[in-house]
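K.L.:
Have a look at the structure that comes next, please.
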Amino acid sequence: MGKTQNIRKDDLRVFIRLIKYAKPYWARLLIGAVCSVMGGGSIIAMFMAGQQLLGFVMDSRKEALVDKVEEVEIVENVEVVEKPALPAVSRFVPRQAIAHLNTFGGGMLFAMCGALLLMILVNSLAYFASMYLLQWVGQRVVMDLRVRLFAHLQKLPISFHTNSSSGDMISRTVADTQLLQHTVTSVITDTIRQPFTFLMVLSYILFFEWKLAVFSIVLLPTVVLPIILIGRRLRRISREGQKRLAELTSVMKEALDGVAVVKAFGQEAREETRFAASCRGFFRRMIDATKAKALSDPITHTIGGVGGIAVLLYALTVAKPLEECVIFACAIWALYEPVKKLGRISMEIQQSSAAADRVFEILDTPVSITDTPGAVAVSGPLHELEFKDVAFNYGEKSVFDALNLRVAAGESLALVGPSGGGKTTLVGLLLRFFDPQSGAVLRNGHDLREFTLASLRANIGLVMQDTFLFNATIAENIAYGKPEATPDEIIAAAKLAHAHEFITAKEHGYDTIVGERGAALSGGQKQRVAIARALLRDPSVLILDEATSALDTESERVVQQAIDDLMGRMTIIVIAHRLSTISKCDKIAVITDGGVAEYGTQTELLAKNGMYARLHGMQYSK
């Protein structure tokens with residue numbers, strides 16, 4: 001029992017945290033609450049007007065029966081006289097009703113009908129206004145949460161994304177928040193609207209028949225208890241369902257991202273089987289949730305029906321007028337409706353708590369790479385970059401123990417060495433994708449942590465082996481890091497990257513849509529667009545991470561020519577496995593586990609006959 005209570009407290013705590021996002025929209029909540037009060041008050045007026053109208057109709061019916069009996073008695077003793085023809089419209093109305101209306105006055109009937117219709121109109125307008133305003137707030141809360149979640153994901157370090165499934169992140173941002181959207185809107189609406197409705201109806205019953213009110217209150221736990229029990233089961237099912245949906249999203253994303261590999265190895269059927277299995281797992285969880293939710297309405301309706309029948313039986317025993325019996329039965333039903341919806345709030349909260357946990361788990365993940373207090377923008381020309389006694393590890397795996405390395409401004413440095421030696425980690429430290437556990441990376445003698453991230457990265461251009469282009473035009477991709485760039489600046493960067501010629505040769509030139517991940521361009525063309533994108537920002541440091549390793553000979557020659565032309569204009573750091581691509585670099589550093597194994601010019605390293613010489617010999621002997 002203690003465990004269940006803790007779970008429910010956690011659910012409530014998570015949901016309260018979620019509702020706090022509605023604070024900026026308190027004005028709409030207040031107006032929505034006022035409309036809810038108006039709606040609840042109009043229900044009482046509707047009951048009162050309905051009771052009066054129904055009583056009037058019942059009295060009219062009684063009078064009509066009496067008139068009919070008297071008419072029959074007169075007809076038996078007096079000669080029947082032909083009555084004048086009635087107006088056309090009155091042929092559809094019983095003579096007794098017309099006579100009764102003439103006696104009591106049709107104006108009263110129309111007034112009662114008008115009052116009832118007015119209350120119905122007020123209730124409808126109040127319902128619309130409160131529903132619209134409260135739903136608006138609920139959906140806006142979830143929209144804000146979704147935007148904040150995406151923004152937080154953008155701020156989390158590369159290490160987080162490396163260890164996380166992108167499919168799972170998509171599922172949390174889209175699917176989990178979608179579930180929360182339904183819950184938040186319905187809970188906010190019912191939490192504000194239903195208590196007023198319940199109190200108004202209960203007040204009406206207490207005022208006119210307190211015994212019925214007591215009886216109704218006794219039955220309330222029988223309505224709420226099943227809903228609470230069902231809600232606990234829904235929470236478990238929902239948590240598993242959201243995990244299944246995340247798995248489904250991940251399987252689909254992997255299959256689509258790797259569609260070429262799937263087709264090349266003929267594994268379409270295998271991927272279909274994986275996806276179908278994930279779909280079946282998600283389907284089973286959703287069906288379990290549907291069964292649990294479907295039980296709540298029959299239970300509450302049955303209890304409500306028992307309450308209505310009990311009211312009628314009670315009224316019969318105390319000889320209540322029929323119109324009072326009908327109105328009280330409607331009131332009892334109206335009393336159970338808000339109780340049912342309020343009881344379902346617990347079920348909704350417990351069902352969505354799994355999704356909320358998954359969302360807040362991301363939001364609670366600390367952003368480890370941030371601007372330190374007092375950080376300033378990078379200013380002035382670059383003189384030197386230095387890695388000073390840098391130690392770094394991924395968990396228990398140590399990459400560098402005490403790495404020391406210097407790069408002078410305008411110098412080109414090549415990083416070579418075995419895979420996994422730490423070359424990409426080194427440039428990641430330079431970009432502050434992560435920070436060293438000890439030691440420091442310095443720019444002109446100042447720790448990189450003294451500079452703002454935005455200004456630091458604005459001074460560094462990055463070209464990766466796996467070039468990523470957005471599904472936009474070539475011009476938009478080149479200007480991605482500098483959206484305000486002019487067409488002349490874009491063209492100038494493209495020319496530096498040796499990309500202008502192939503771009504202008506295309507039908508739409510710089511307005512050519514490159515497709516998803518640059519599918520409309522060749523590998524060499526994508527790399528040159530990526531180099532132009534990096535150069536447009538006029539960086540002081542250009543990092544080329546295996547920029548030519550995946551290219552054919554001709555594309556590699558063009559890209560290499562672009563890189564060679566840039567040497568001397570800026571500081572260039574090249575990560576390469578093909579040693580032929582770094583022959584013009586000023587210095588070469590051989591990076592292995594722990595730090596820099598060798599450092600110098602190519603001639604110096606070959607003369608040492610060490611690790612670089614062995615790597616060089618293996619490649620050129622082939």
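Residue numbering restarts at 1 for every chain of the structure tokens, chains are lettered A, B, ... in their displayed order, and ligands are numbered from 1 as they appear.
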For region 122-127 of chain A, find every residue with an atom within 7 Å (counting only C-alpha atoms), except residues of its own chain fewer than 2 positions away, and show them as a list of chain:residue names.
P.N.:
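My list of contacting residues is A:Cys35, A:Ser36, A:Met38, A:Gly39, A:Ser42, A:Ile43, A:Leu118, A:Met119, A:Ile120, A:Ala129, A:Ser130, A:Met131.
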K.L.:
Do you know which residues are at most 12 Å from Leu429 (chain A) counting only C-alpha atoms, after dropping those on the same chain fewer than 4 positions away, and could you put them as a PyMOL selection string?
P.N.:
chain A and resi 157-159+369+385-388+390-393+399-400+403+422-425+433-442+447-449+456-457
K.L.:
I want to know what sits within 12 Å of Gly380 (chain A), based on only C-alpha atoms, with residues of the same chain fewer than 5 positions away left out; could you give that as an MDAnalysis selection string?
P.N.:
chainID A and resid 443:444 455:456 459 540
K.L.:
Excluding region 503-508 of chain A and its own-chain neighbours fewer than 4 positions away, which residues fall within 9 Å of it when counting only C-alpha atoms? Please give them as a ChimeraX atom specification.
P.N.:
/A:474,494,499,512-513,525
K.L.:
Let me see the file: selected residues, N, CA and C atoms, as an mmCIF file, in the first residue's frame.
P.N.:
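Written output follows (again20.cif):
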data_model
loop_
_atom_site.group_PDB
_atom_site.id
_atom_site.type_symbol
_atom_site.label_atom_id
_atom_site.label_comp_id
_atom_site.auth_asym_id
_atom_site.auth_seq_id
_atom_site.Cartn_x
_atom_site.Cartn_y
_atom_site.Cartn_z
ATOM 1 N N ILE A 474 21.003 25.143 -52.214
ATOM 2 C CA ILE A 474 22.456 25.187 -52.003
ATOM 3 C C ILE A 474 22.839 26.477 -51.284
ATOM 4 N N ALA A 494 31.712 30.029 -52.003
ATOM 5 C CA ALA A 494 31.640 28.878 -52.914
ATOM 6 C C ALA A 494 32.859 28.838 -53.833
ATOM 7 N N ALA A 499 33.426 25.333 -55.467
ATOM 8 C CA ALA A 499 32.067 24.811 -55.658
ATOM 9 C C ALA A 499 31.262 25.640 -56.650
ATOM 10 N N THR A 512 19.098 25.487 -56.265
ATOM 11 C CA THR A 512 18.862 24.050 -56.403
ATOM 12 C C THR A 512 18.582 23.428 -55.037
ATOM 13 N N ILE A 513 17.498 22.676 -54.935
ATOM 14 C CA ILE A 513 17.177 21.952 -53.696
ATOM 15 C C ILE A 513 18.053 20.705 -53.635
ATOM 16 N N GLN A 525 30.613 17.033 -54.333
ATOM 17 C CA GLN A 525 29.845 18.282 -54.341
ATOM 18 C C GLN A 525 29.366 18.630 -52.931
#
